[in-house]
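Trainee: Submitted below is the structure of interest, expressed as structure tokens.
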Amino acid sequence: MPARRYRHDYLSRRRVLALTGVAGATALAGCSGDENGDADDLLGGDHDEVEVDYPENYAEEMNQAVPSGAVNPFDDEHIFNPYHHAWNPGDAQETSFEYLTIFHTEEGEFIPRVAENWQIDDDLHTRVEISDEYAWSDGTSVTAADFVTALRLEGYMQMGIEQYVDPDTGVTTDGDYAFEIEPRDEFTDLEEELWLNQWIEALLNVSEAQYGEFIEEFEAADSDDEHEAVQEDVIGFEPSWNEALFSGPFVFVEANEEFADQVPNPHHPIAQDWDFYLRHGEYEGEEGLHAEEVDWEHNDPTIENLPDIYDEPPVSFSGQSFAIIFGRDDEYIRDYPEVRQALAYAVDMPNLVDVTSPGTPVDTYSTGIDYGYVEHFVRDDVLDAMPNYAPEDTDTAQNLLEDVGFTLEDDEWHTPDGDLWTLNFPVGDWFDTHSEMVYNNLAEFGIDVDYFLDEMPTWQSEVEPDLEFDLTVHLNYGMARQYHAHADLYEEMYNPDRGILTERNLFDEVVEVPEVGNPDGDTVEIDIPDALDGLAAAQSDEEAMDYATDLAWAHNQLLPAAVVHPWSEHYWVNAGEWDFDLDSDAWLTSNRITHYLLEHGLSPE
């Protein structure tokens, strides 16, 4: 076993709240809140408006495409700073900013975007060459210094990369169009795919021109207090829609009370040839589809009776997973894996998926590793032996509770102490239908559930940071854009807001589970930190699979249904009037519709 500890040190939601002092803030998870911060002073006062060279009569010269959704940054509804507590650009993130590479889930590889190629030495020292054809919305070139700024800021803001890469010295430019990145000395034996996943899909949503002074401030910070003060300044930086630089294929050029327009970035090597612009904000969701005015609608596969121009929705696998999350306060949930298993068996997950996300596969393994690529990391015989908690099985659930000492009296479950068993089930309103179905299943099974919905910002500020729930549902954001078993399992164990081995404490670092691959076998011990370290430093695919298999088995036994199905991104598209290739697997990238358009273009029929 390696002696090193491969641990991240994230800037947690709790810490962000402390830095900003704003209820509902979540700077790193992309959710909205009130405005706060004084970074204008750091950067010299008010920001200048960015001049974009675009045709002023674009509405007459170009075709109009209408995405669904109320993405309108008028009056600073959206602040284009990814660290700001009001950062919530929705789909505009994917249209406004470009990636170093993007991940294609079907092909299982990273597709170059701004990157042209990269070379990795034996000690993981990496050199990345980027294209010289990309430019920001003001016409200045996208250079290696921009990516270095973005990656270093990610480290200084404690978003995970700082564990493996020293933000002071580990990322450097090599001329205008190449940069080098190297791990800290103690991580030169990191598994290569895990190393790639730390940085390879960097989103270029910050520029050296606008964020370089923050780097200088971090370099000058001599104490933790000074470092934290710069973090606070970064979080509070407030560029408006017409003051931010955009690296992606579209640029905001108009935002008013009615709509917001994005035109193709005239300096983007692909988008500059497009003859359509995007008009946001006029229609939202089903309303626009039934009016035949919306050209694509994101993430609602359940709409019925649509006009003929909308074909069957393609599905883009996003790398996130919908999850049942167990809290720590109920002693029976906390202390008995059989109780967590019973709760999982009492919920009809296939039916929940059919209703809320038809066509999405159901995770039959509950390994903590994304269902889309779990077979690359876990042995087939162990996957086949895993209990499947997804289908409702109330008989098994009843047996499990009774084995622990629960009793069913008058169709209500009572604890081993004889008390009515009541569970606290608060949920953010993104998941109203999902959570209502979970609640109904549990109530039908005889569990008294205190179920209520909060607005999502309220839930995020008042429920999630202090784990004020016995169970809840949410997305596992941590898996997005890191397509590796270690990243997935690490999030389950060490995420600062929901990690088992940090705040929730549902079990210890060393766990006892049945023999790996044999649910009825004698118990064995698995040291979770050591297994994670072994997976991180594995020197072969076989070694990585051994560690990942042990961890996946422990997750299946101890955290049933903590990850219940991949959260796929669905689109209804106007295939009647636009040339959408619905049979292309370019939908199967992690970054949704924008990169499908980049691969194939879009034009009127």
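All residue names refer to the structure tokens as shown: chains lettered A, B, ... in order, residues numbered from 1 in each chain, ligands numbered from 1 in order.
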Please identify which residues in region 338-518 of chain A DSSP calls strand (DSSP E or B) from the backbone, and express them as a ChimeraX atom specification.
Mentor: /A:407-409,412-414,420,422-428,448-454,471-475,510-514
Trainee: For N, CA, C and O atoms, I'd like the residues from the last selection saved as a tab-separated table (two decimals), in the first residue's frame.
Mentor:
```tsv
chain	number	residue	atom	x	y	z
A	407	THR	N	-40.32	-2.98	14.30
A	407	THR	CA	-41.59	-3.70	14.29
A	407	THR	C	-42.61	-2.92	13.49
A	407	THR	O	-42.62	-1.68	13.47
A	408	LEU	N	-43.48	-3.66	12.80
A	408	LEU	CA	-44.54	-3.06	11.99
A	408	LEU	C	-45.86	-3.21	12.75
A	408	LEU	O	-46.38	-4.32	12.91
A	409	GLU	N	-46.37	-2.08	13.24
A	409	GLU	CA	-47.59	-2.09	14.04
A	409	GLU	C	-48.62	-1.18	13.38
A	409	GLU	O	-48.37	0.01	13.19
A	412	GLU	N	-47.43	0.80	10.47
A	412	GLU	CA	-46.45	1.85	10.73
A	412	GLU	C	-45.21	1.24	11.37
A	412	GLU	O	-45.33	0.40	12.28
A	413	TRP	N	-44.07	1.68	10.93
A	413	TRP	CA	-42.82	1.14	11.46
A	413	TRP	C	-42.43	1.86	12.74
A	413	TRP	O	-42.49	3.09	12.83
A	414	HIS	N	-42.02	1.05	13.73
A	414	HIS	CA	-41.54	1.55	15.01
A	414	HIS	C	-40.11	1.09	15.21
A	414	HIS	O	-39.71	0.01	14.79
A	420	LEU	N	-42.41	5.57	17.18
A	420	LEU	CA	-42.78	5.71	15.77
A	420	LEU	C	-41.56	6.24	15.02
A	420	LEU	O	-40.96	7.25	15.40
A	422	THR	N	-39.84	8.26	12.42
A	422	THR	CA	-40.14	9.43	11.60
A	422	THR	C	-38.85	9.95	10.97
A	422	THR	O	-37.86	10.16	11.67
A	423	LEU	N	-38.88	10.16	9.67
A	423	LEU	CA	-37.70	10.61	8.94
A	423	LEU	C	-37.92	12.01	8.39
A	423	LEU	O	-38.99	12.33	7.86
A	424	ASN	N	-36.89	12.85	8.49
A	424	ASN	CA	-36.89	14.22	7.99
A	424	ASN	C	-36.40	14.22	6.54
A	424	ASN	O	-35.26	13.86	6.27
A	425	PHE	N	-37.27	14.65	5.62
A	425	PHE	CA	-36.99	14.52	4.18
A	425	PHE	C	-37.21	15.86	3.48
A	425	PHE	O	-38.17	16.06	2.75
A	426	PRO	N	-36.31	16.85	3.69
A	426	PRO	CA	-36.40	18.14	2.98
A	426	PRO	C	-35.69	18.06	1.63
A	426	PRO	O	-34.63	17.44	1.51
A	427	VAL	N	-36.25	18.70	0.62
A	427	VAL	CA	-35.73	18.58	-0.74
A	427	VAL	C	-35.79	19.94	-1.41
A	427	VAL	O	-36.74	20.71	-1.21
A	428	GLY	N	-34.78	20.26	-2.22
A	428	GLY	CA	-34.83	21.45	-3.06
A	428	GLY	C	-35.81	21.27	-4.21
A	428	GLY	O	-35.98	20.16	-4.74
A	448	ASP	N	-43.15	6.87	8.53
A	448	ASP	CA	-43.64	8.24	8.75
A	448	ASP	C	-42.57	9.21	8.26
A	448	ASP	O	-41.46	9.24	8.80
A	449	VAL	N	-42.90	9.99	7.24
A	449	VAL	CA	-41.91	10.86	6.61
A	449	VAL	C	-42.36	12.31	6.70
A	449	VAL	O	-43.47	12.66	6.29
A	450	ASP	N	-41.52	13.15	7.28
A	450	ASP	CA	-41.75	14.60	7.31
A	450	ASP	C	-41.13	15.18	6.05
A	450	ASP	O	-39.95	15.52	6.00
A	451	TYR	N	-41.96	15.28	4.99
A	451	TYR	CA	-41.49	15.66	3.66
A	451	TYR	C	-41.92	17.08	3.32
A	451	TYR	O	-43.08	17.44	3.49
A	452	PHE	N	-40.97	17.90	2.88
A	452	PHE	CA	-41.33	19.24	2.44
A	452	PHE	C	-40.32	19.74	1.42
A	452	PHE	O	-39.16	19.31	1.39
A	453	LEU	N	-40.79	20.66	0.56
A	453	LEU	CA	-39.96	21.26	-0.48
A	453	LEU	C	-39.56	22.67	-0.08
A	453	LEU	O	-40.37	23.42	0.46
A	454	ASP	N	-38.30	23.02	-0.36
A	454	ASP	CA	-37.82	24.38	-0.23
A	454	ASP	C	-37.42	24.89	-1.61
A	454	ASP	O	-37.07	24.10	-2.50
A	471	LEU	N	-32.77	11.96	5.05
A	471	LEU	CA	-32.48	11.61	3.67
A	471	LEU	C	-32.98	12.73	2.78
A	471	LEU	O	-33.86	13.51	3.16
A	472	THR	N	-32.37	12.86	1.60
A	472	THR	CA	-32.76	13.87	0.62
A	472	THR	C	-32.38	13.34	-0.75
A	472	THR	O	-31.87	12.22	-0.88
A	473	VAL	N	-32.66	14.13	-1.79
A	473	VAL	CA	-32.25	13.77	-3.15
A	473	VAL	C	-31.59	14.98	-3.79
A	473	VAL	O	-31.94	16.12	-3.52
A	474	HIS	N	-30.62	14.70	-4.64
A	474	HIS	CA	-29.88	15.78	-5.31
A	474	HIS	C	-29.06	15.15	-6.43
A	474	HIS	O	-29.09	13.93	-6.63
A	475	LEU	N	-28.31	16.01	-7.13
A	475	LEU	CA	-27.34	15.54	-8.10
A	475	LEU	C	-25.97	15.42	-7.45
A	475	LEU	O	-25.62	16.21	-6.58
A	510	VAL	N	-12.16	2.10	7.97
A	510	VAL	CA	-12.01	0.65	7.75
A	510	VAL	C	-13.37	0.01	7.98
A	510	VAL	O	-13.96	0.16	9.05
A	511	VAL	N	-13.90	-0.66	6.96
A	511	VAL	CA	-15.26	-1.20	7.03
A	511	VAL	C	-15.22	-2.72	6.90
A	511	VAL	O	-14.29	-3.31	6.33
A	512	GLU	N	-16.24	-3.34	7.45
A	512	GLU	CA	-16.43	-4.78	7.30
A	512	GLU	C	-17.60	-5.02	6.36
A	512	GLU	O	-18.70	-4.50	6.56
A	513	VAL	N	-17.36	-5.81	5.34
A	513	VAL	CA	-18.40	-6.15	4.36
A	513	VAL	C	-18.27	-7.63	4.03
A	513	VAL	O	-17.23	-8.25	4.29
A	514	PRO	N	-19.31	-8.23	3.45
A	514	PRO	CA	-19.16	-9.62	3.01
A	514	PRO	C	-18.03	-9.76	1.99
A	514	PRO	O	-17.65	-8.79	1.33
```
Trainee: Go through region 70-90 of chain A residue by residue and, counting only C-alpha atoms, keep those with an atom at most 9 Å from region 270-280 of chain A; for each kept residue give the shortest atom pair and its distance in Å to one decimal, ordered by chain and increasing number, as JSON lines.
Mentor:
```
{"residue": "A:Ala70", "atom": "CA", "partner": "A:His280", "partner_atom": "CA", "distance": 6.4}
{"residue": "A:Val71", "atom": "CA", "partner": "A:His280", "partner_atom": "CA", "distance": 5.7}
{"residue": "A:Asn72", "atom": "CA", "partner": "A:His280", "partner_atom": "CA", "distance": 6.3}
```
Trainee: Store the residues picked out above in a file with all heavy atoms, as a PDB file, in the first residue's frame.
Mentor:
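Okay, part-v2.pdb is ready:
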```
ATOM      1  N   ALA A  70     -34.892  30.914 -19.634  1.00  0.00           N
ATOM      2  CA  ALA A  70     -34.877  32.357 -19.369  1.00  0.00           C
ATOM      3  C   ALA A  70     -33.471  32.858 -19.093  1.00  0.00           C
ATOM      4  O   ALA A  70     -33.218  33.530 -18.102  1.00  0.00           O
ATOM      5  CB  ALA A  70     -35.797  32.681 -18.196  1.00  0.00           C
ATOM      6  N   VAL A  71     -32.535  32.513 -19.946  1.00  0.00           N
ATOM      7  CA  VAL A  71     -31.162  32.978 -19.774  1.00  0.00           C
ATOM      8  C   VAL A  71     -31.082  34.409 -20.288  1.00  0.00           C
ATOM      9  O   VAL A  71     -30.927  34.650 -21.484  1.00  0.00           O
ATOM     10  CB  VAL A  71     -30.161  32.074 -20.511  1.00  0.00           C
ATOM     11  CG1 VAL A  71     -28.744  32.609 -20.350  1.00  0.00           C
ATOM     12  CG2 VAL A  71     -30.250  30.655 -19.984  1.00  0.00           C
ATOM     13  N   ASN A  72     -31.243  35.364 -19.417  1.00  0.00           N
ATOM     14  CA  ASN A  72     -31.198  36.772 -19.800  1.00  0.00           C
ATOM     15  C   ASN A  72     -30.425  37.534 -18.722  1.00  0.00           C
ATOM     16  O   ASN A  72     -30.919  37.706 -17.605  1.00  0.00           O
ATOM     17  CB  ASN A  72     -32.609  37.349 -19.937  1.00  0.00           C
ATOM     18  CG  ASN A  72     -32.604  38.755 -20.517  1.00  0.00           C
ATOM     19  OD1 ASN A  72     -31.578  39.424 -20.533  1.00  0.00           O
ATOM     20  ND2 ASN A  72     -33.749  39.203 -20.985  1.00  0.00           N
TER      21      ASN A  72
END
```
Trainee: Env of region 172-184 of chain A: 12 Å cut, atoms = only C-alpha atoms, seq-sep filter 5 positions within chain, self excluded. Answer as an MDAnalysis selection string.
Mentor: chainID A and resid 6 100 114:134 141:152 161:167 189:192 194:196 198:200 208
Trainee: Residues at most 12 Å from Thr394 (chain A), counting only C-alpha atoms, excluding those fewer than 6 positions away in the same chain, as a VMD selection string?
Mentor: chain A and resid 341 to 348 400 to 401 441 to 447
Trainee: With a distance cut-off of 10 Å and only C-alpha atoms, select the neighbouring residues of region 331-338 of chain A, excluding the residue or stretch itself and same-chain residues fewer than 2 positions from it, and output the selection as an MDAnalysis selection string.
Mentor: chainID A and resid 326:329 340:344 397 399:404 406 415:416 421 423 470:471 504:507 513 557:560
Trainee: Quick one: of A:Asp295, A:Asp381, A:Asp363, A:Asp429, who's nearest to Leu602 (chain A), counting only C-alpha atoms?
Mentor: A:Asp295
Trainee: Nearest to Tyr596 (chain A): which of A:Ala202, A:Val315, A:Leu535, A:Val378 is it, counting only C-alpha atoms?
Mentor: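 So, comparing all the options, the nearest one is A:Val315.
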Trainee: Between CA of Trp241 (chain A) and CA of Pro604 (chain A), what distance in Å does the model show, to one decimal?
Mentor: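 CA of Pro604 (chain A) lies 28.2 Å from CA of Trp241 (chain A).
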Trainee: Can you tell me, as a list in words, what residues are no more than 10 Å from Met493 (chain A) when counting only C-alpha atoms, ignoring any on the same chain fewer than 4 positions away?
Mentor: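 Selected residues are Gly368, Asp488, Leu489, Arg498, Gly499, Ile500, Leu501, Thr502, Glu503, Arg504, Asn505, Glu509, Ile528, Pro529, Leu532 and His555 of chain A.
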Trainee: May I have the residues within 10 Å of region 219-222 of chain A as a count of residues only, using only C-alpha atoms and disregarding those fewer than 6 positions away in the same chain?
Mentor: 7
Trainee: Per residue of region 132-156 of chain A within 12 Å of region 249-254 of chain A, what are the shortest atom pair and its distance in Å to one decimal, counting only C-alpha atoms, with rows by chain and residue number, as a tab-separated table?
Mentor:
```
residue	atom	partner	partner_atom	distance
A:Tyr134	CA	A:Pro249	CA	9.8
A:Ala135	CA	A:Pro249	CA	10.0
A:Trp136	CA	A:Val251	CA	9.5
A:Ser137	CA	A:Val251	CA	6.6
A:Asp138	CA	A:Val251	CA	9.8
A:Gly139	CA	A:Val251	CA	11.7
```
Trainee: Keeping only N, CA, C and O atoms, write the selected residues as a PDB file, in the first residue's frame.
Mentor:
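For reference, again_22.pdb as written:
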```
ATOM      1  N   TYR A 134      -7.929  30.524 -31.830  1.00  0.00           N
ATOM      2  CA  TYR A 134      -9.028  30.965 -30.964  1.00  0.00           C
ATOM      3  C   TYR A 134      -8.719  32.354 -30.416  1.00  0.00           C
ATOM      4  O   TYR A 134      -7.563  32.698 -30.156  1.00  0.00           O
ATOM      5  N   ALA A 135      -9.794  33.128 -30.213  1.00  0.00           N
ATOM      6  CA  ALA A 135      -9.626  34.465 -29.652  1.00  0.00           C
ATOM      7  C   ALA A 135     -10.812  34.792 -28.762  1.00  0.00           C
ATOM      8  O   ALA A 135     -11.904  34.223 -28.899  1.00  0.00           O
ATOM      9  N   TRP A 136     -10.580  35.716 -27.842  1.00  0.00           N
ATOM     10  CA  TRP A 136     -11.641  36.207 -26.981  1.00  0.00           C
ATOM     11  C   TRP A 136     -12.597  37.087 -27.779  1.00  0.00           C
ATOM     12  O   TRP A 136     -12.292  37.481 -28.908  1.00  0.00           O
ATOM     13  N   SER A 137     -13.708  37.425 -27.185  1.00  0.00           N
ATOM     14  CA  SER A 137     -14.746  38.174 -27.892  1.00  0.00           C
ATOM     15  C   SER A 137     -14.301  39.579 -28.278  1.00  0.00           C
ATOM     16  O   SER A 137     -14.921  40.209 -29.145  1.00  0.00           O
ATOM     17  N   ASP A 138     -13.238  40.094 -27.682  1.00  0.00           N
ATOM     18  CA  ASP A 138     -12.733  41.416 -28.086  1.00  0.00           C
ATOM     19  C   ASP A 138     -11.655  41.317 -29.158  1.00  0.00           C
ATOM     20  O   ASP A 138     -11.085  42.335 -29.561  1.00  0.00           O
ATOM     21  N   GLY A 139     -11.364  40.102 -29.607  1.00  0.00           N
ATOM     22  CA  GLY A 139     -10.385  39.913 -30.668  1.00  0.00           C
ATOM     23  C   GLY A 139      -8.995  39.562 -30.199  1.00  0.00           C
ATOM     24  O   GLY A 139      -8.151  39.188 -31.015  1.00  0.00           O
TER      25      GLY A 139
END
```
Trainee: For the atom pair CA of Glu98 (chain A) and CA of Gly372 (chain A), what is the interatomic distance in Å to one decimal place?
Mentor: 24.3 Å
